Amino acid sequence: MKKGVVLVLSVAFVLSFVTLSFAASKKQTVTRVITTTTVMSQAQTEALAAAAVEKLNSQAWMIRLTPQNSPKAPAESDVLTFSGTSMSSRNLSEKGYSSSNFTPIVREDSSVMLETVQRLGEDKVAMWRVELVGDNIQGVLAMRTINGPASLYIFTSNMPSAAVAKPVSVVKPVSVAKPQAAEPQKK
C-alpha cells in the first residue's frame, strides 16, 4: 500500500513539474492597444457642417422607409428635400406636417448627423435622425401621437444621380463676322 501511495505521489509530482516547465517555456505576448482621439478645431467642424449642408441642399433624396415595429406593414417610399437648414418629407407634407429646421452635428469620426422634428397640430410628431455618410443618407423616423405608441422606420438612400453627375460645360459655336477689306475710295 505504501508503494502505491508513493507511486501516485511520484507520478503527480512528475506531472506537475512537467506542466510547470511547459508553462514556463510558453512565451506570453502582451499587446498594448493605444487609442488616440483626434479633436477637430472649431473651423474644421464648421467646414464639415457647411459641406454637409451643401451636399444635402436642393436635392430630392428618394428614401425607402422600412417599418421596424410592424413587420407586416409594407415599406413606403418617400422623398426628403433639404433647403438651407430646413428639411421636409413629401409624404408628411401631404398629410399637413410642417417642414422643420435642423442643425448639423459633426461627430468625432467626421460623419455628420442631424435631428429634427416635424409637427402636425399639437398631438402628432415625426422625429427624424439622419446621418450623412459619404454620398449616402441613412437614419430613423419615429412617428408618434401624444397618447399612442411610436411607429419606427429605418431608411437609407444614395445621393441623387443628378447631384453625382458632374456638370458638363457646353460651348456653343459663335459665328464671327470676317472684317471686309476696305474699298478704295474714288475721287
# chains A, B, ... in the order shown; residues from 1 in each chain; ligands from 1
>>> residues_around(residues="Phe102 in chain A", least_positions_apart="6", cutoff="10 Å", atoms="only C-alpha atoms", output="ChimeraX atom specification")
/A:53,82,84-87,113-117,128
>>> atom_distance(atom1="CA of Glu108 in chain A", atom2="CA of Ser41 in chain A")
11.0 Å
>>> closest_residue(among="A:Asn147, A:Ser98, A:Thr45, A:Asn91", to="Ser111 in chain A", atoms="only C-alpha atoms")
A:Thr45
>>> select_by_dssp(residues="range 26-135 of chain A", states="alpha helix (DSSP H)", output="CSV table (one decimal) with N, CA and C atoms, in the first residue's frame")
chain,number,residue,atom,x,y,z
A,42,GLN,N,-12.6,74.3,-34.2
A,42,GLN,CA,-13.9,74.8,-34.5
A,42,GLN,C,-14.1,75.1,-36.0
A,43,ALA,N,-13.0,75.6,-36.6
A,43,ALA,CA,-13.0,75.9,-38.0
A,43,ALA,C,-13.2,74.6,-38.8
A,44,GLN,N,-12.6,73.5,-38.4
A,44,GLN,CA,-12.8,72.2,-39.2
A,44,GLN,C,-14.2,71.7,-39.0
A,45,THR,N,-14.7,71.8,-37.8
A,45,THR,CA,-16.1,71.4,-37.5
A,45,THR,C,-17.1,72.2,-38.4
A,46,GLU,N,-16.9,73.5,-38.4
A,46,GLU,CA,-17.8,74.4,-39.2
A,46,GLU,C,-17.7,74.1,-40.7
A,47,ALA,N,-16.5,73.8,-41.1
A,47,ALA,CA,-16.3,73.5,-42.6
A,47,ALA,C,-17.0,72.2,-42.9
A,48,LEU,N,-16.9,71.2,-42.1
A,48,LEU,CA,-17.5,69.9,-42.3
A,48,LEU,C,-19.1,70.0,-42.3
A,49,ALA,N,-19.6,70.8,-41.4
A,49,ALA,CA,-21.0,71.1,-41.3
A,49,ALA,C,-21.5,71.8,-42.5
A,50,ALA,N,-20.8,72.8,-43.0
A,50,ALA,CA,-21.1,73.6,-44.2
A,50,ALA,C,-21.1,72.7,-45.4
A,51,ALA,N,-20.1,71.8,-45.5
A,51,ALA,CA,-20.0,70.9,-46.7
A,51,ALA,C,-21.2,69.9,-46.7
A,52,ALA,N,-21.6,69.5,-45.5
A,52,ALA,CA,-22.7,68.6,-45.4
A,52,ALA,C,-24.0,69.2,-45.8
A,53,VAL,N,-24.2,70.5,-45.4
A,53,VAL,CA,-25.4,71.2,-45.7
A,53,VAL,C,-25.5,71.4,-47.2
A,54,GLU,N,-24.3,71.8,-47.8
A,54,GLU,CA,-24.2,72.0,-49.3
A,54,GLU,C,-24.5,70.7,-50.0
A,55,LYS,N,-24.1,69.5,-49.5
A,55,LYS,CA,-24.3,68.3,-50.2
A,55,LYS,C,-25.8,67.9,-50.1
A,56,LEU,N,-26.4,68.2,-49.0
A,56,LEU,CA,-27.9,67.9,-48.8
A,56,LEU,C,-28.8,68.8,-49.6
A,90,ARG,N,-42.0,64.6,-48.3
A,90,ARG,CA,-43.1,64.7,-49.2
A,90,ARG,C,-44.4,64.1,-48.6
A,91,ASN,N,-44.2,62.8,-48.1
A,91,ASN,CA,-45.4,62.1,-47.5
A,91,ASN,C,-46.0,62.9,-46.4
A,92,LEU,N,-45.1,63.4,-45.5
A,92,LEU,CA,-45.6,64.1,-44.3
A,92,LEU,C,-46.2,65.5,-44.7
A,93,SER,N,-45.6,66.2,-45.7
A,93,SER,CA,-46.1,67.4,-46.1
A,93,SER,C,-47.5,67.3,-46.7
A,94,GLU,N,-47.8,66.2,-47.4
A,94,GLU,CA,-49.1,65.9,-48.0
A,94,GLU,C,-50.1,65.6,-46.9
>>> residues_around(residues="range 133-139 of chain A", least_positions_apart="3", cutoff="8 Å", atoms="only C-alpha atoms", output="list in words")
Ser111, Val112, Trp128, Arg129, Val130, Ile154, Phe155, Thr156, Ser157, Asn158 and Met159 of chain A
>>> residues_around(residues="range 75-80 of chain A", least_positions_apart="2", cutoff="7 Å", atoms="only C-alpha atoms", output="number ranges by chain")
A: 60-67, 73, 82, 87-91
>>> residues_around(residues="Tyr97 in chain A", least_positions_apart="6", cutoff="7 Å", atoms="only C-alpha atoms", output="PyMOL selection string")
chain A and resi 118-120
>>> select_by_dssp(residues="range 93-168 of chain A", states="strand (DSSP E)", output="PyMOL selection string")
chain A and resi 100-101+105-106+112-120+124-133+136-145+151-158
>>> atom_distance(atom1="CA of Leu152 in chain A", atom2="CA of Gln68 in chain A")
5.4 Å
>>> residues_around(residues="Arg144 in chain A", least_positions_apart="6", cutoff="6 Å", atoms="only C-alpha atoms", output="PyMOL selection string")
chain A and resi 124-125+150
>>> closest_residue(among="A:Gln59, A:Ser100, A:Pro160, A:Tyr153", to="Pro74 in chain A", atoms="only C-alpha atoms")
A:Tyr153
>>> decode(residues="range 47-73 of chain A", atoms="N, CA and C atoms", output="compact mmCIF listing (two decimals), in the first residue's frame")
# COMPACT_ATOMS: atom_id res chain seq x y z
N ALA A 47 -16.47 73.80 -41.15
CA ALA A 47 -16.28 73.50 -42.57
C ALA A 47 -16.98 72.18 -42.94
N LEU A 48 -16.87 71.16 -42.09
CA LEU A 48 -17.54 69.89 -42.35
C LEU A 48 -19.06 70.05 -42.33
N ALA A 49 -19.56 70.84 -41.38
CA ALA A 49 -21.01 71.08 -41.31
C ALA A 49 -21.49 71.81 -42.54
N ALA A 50 -20.75 72.83 -42.98
CA ALA A 50 -21.14 73.59 -44.17
C ALA A 50 -21.11 72.70 -45.41
N ALA A 51 -20.10 71.83 -45.52
CA ALA A 51 -20.01 70.92 -46.66
C ALA A 51 -21.18 69.94 -46.66
N ALA A 52 -21.59 69.48 -45.49
CA ALA A 52 -22.73 68.56 -45.39
C ALA A 52 -24.02 69.24 -45.82
N VAL A 53 -24.23 70.47 -45.36
CA VAL A 53 -25.44 71.21 -45.74
C VAL A 53 -25.46 71.44 -47.24
N GLU A 54 -24.30 71.76 -47.81
CA GLU A 54 -24.22 71.97 -49.26
C GLU A 54 -24.53 70.69 -50.02
N LYS A 55 -24.06 69.55 -49.52
CA LYS A 55 -24.31 68.26 -50.17
C LYS A 55 -25.80 67.90 -50.10
N LEU A 56 -26.44 68.22 -48.98
CA LEU A 56 -27.86 67.89 -48.81
C LEU A 56 -28.76 68.84 -49.58
N ASN A 57 -28.35 70.09 -49.71
CA ASN A 57 -29.21 71.15 -50.24
C ASN A 57 -29.71 70.92 -51.65
N SER A 58 -30.93 71.36 -51.85
CA SER A 58 -31.58 71.38 -53.16
C SER A 58 -31.58 70.02 -53.84
N GLN A 59 -31.60 68.98 -53.05
CA GLN A 59 -31.64 67.63 -53.60
C GLN A 59 -32.93 66.96 -53.16
N ALA A 60 -33.46 66.11 -53.99
CA ALA A 60 -34.60 65.28 -53.65
C ALA A 60 -34.04 63.88 -53.39
N TRP A 61 -33.98 63.51 -52.14
CA TRP A 61 -33.42 62.22 -51.73
C TRP A 61 -34.56 61.20 -51.65
N MET A 62 -34.56 60.23 -52.54
CA MET A 62 -35.55 59.15 -52.52
C MET A 62 -35.16 58.18 -51.41
N ILE A 63 -36.08 57.94 -50.47
CA ILE A 63 -35.79 57.01 -49.39
C ILE A 63 -36.83 55.90 -49.37
N ARG A 64 -36.47 54.79 -48.79
CA ARG A 64 -37.37 53.66 -48.61
C ARG A 64 -37.51 53.46 -47.11
N LEU A 65 -38.71 53.73 -46.57
CA LEU A 65 -38.99 53.60 -45.15
C LEU A 65 -39.43 52.17 -44.85
N THR A 66 -38.66 51.48 -44.04
CA THR A 66 -38.95 50.10 -43.67
C THR A 66 -39.45 50.07 -42.23
N PRO A 67 -40.70 49.62 -42.00
CA PRO A 67 -41.23 49.60 -40.63
C PRO A 67 -40.46 48.62 -39.76
N GLN A 68 -40.22 49.00 -38.50
CA GLN A 68 -39.47 48.16 -37.58
C GLN A 68 -40.35 47.47 -36.54
N ASN A 69 -41.40 48.13 -36.09
CA ASN A 69 -42.23 47.52 -35.05
C ASN A 69 -43.56 46.99 -35.58
N SER A 70 -43.69 46.91 -36.87
CA SER A 70 -44.87 46.35 -37.50
C SER A 70 -44.42 45.57 -38.72
N PRO A 71 -43.95 44.33 -38.51
CA PRO A 71 -43.30 43.58 -39.60
C PRO A 71 -44.18 43.31 -40.81
N LYS A 72 -45.49 43.29 -40.65
CA LYS A 72 -46.35 43.00 -41.78
C LYS A 72 -46.70 44.25 -42.59
N ALA A 73 -46.38 45.41 -42.05
CA ALA A 73 -46.67 46.65 -42.78
C ALA A 73 -45.71 46.76 -43.96
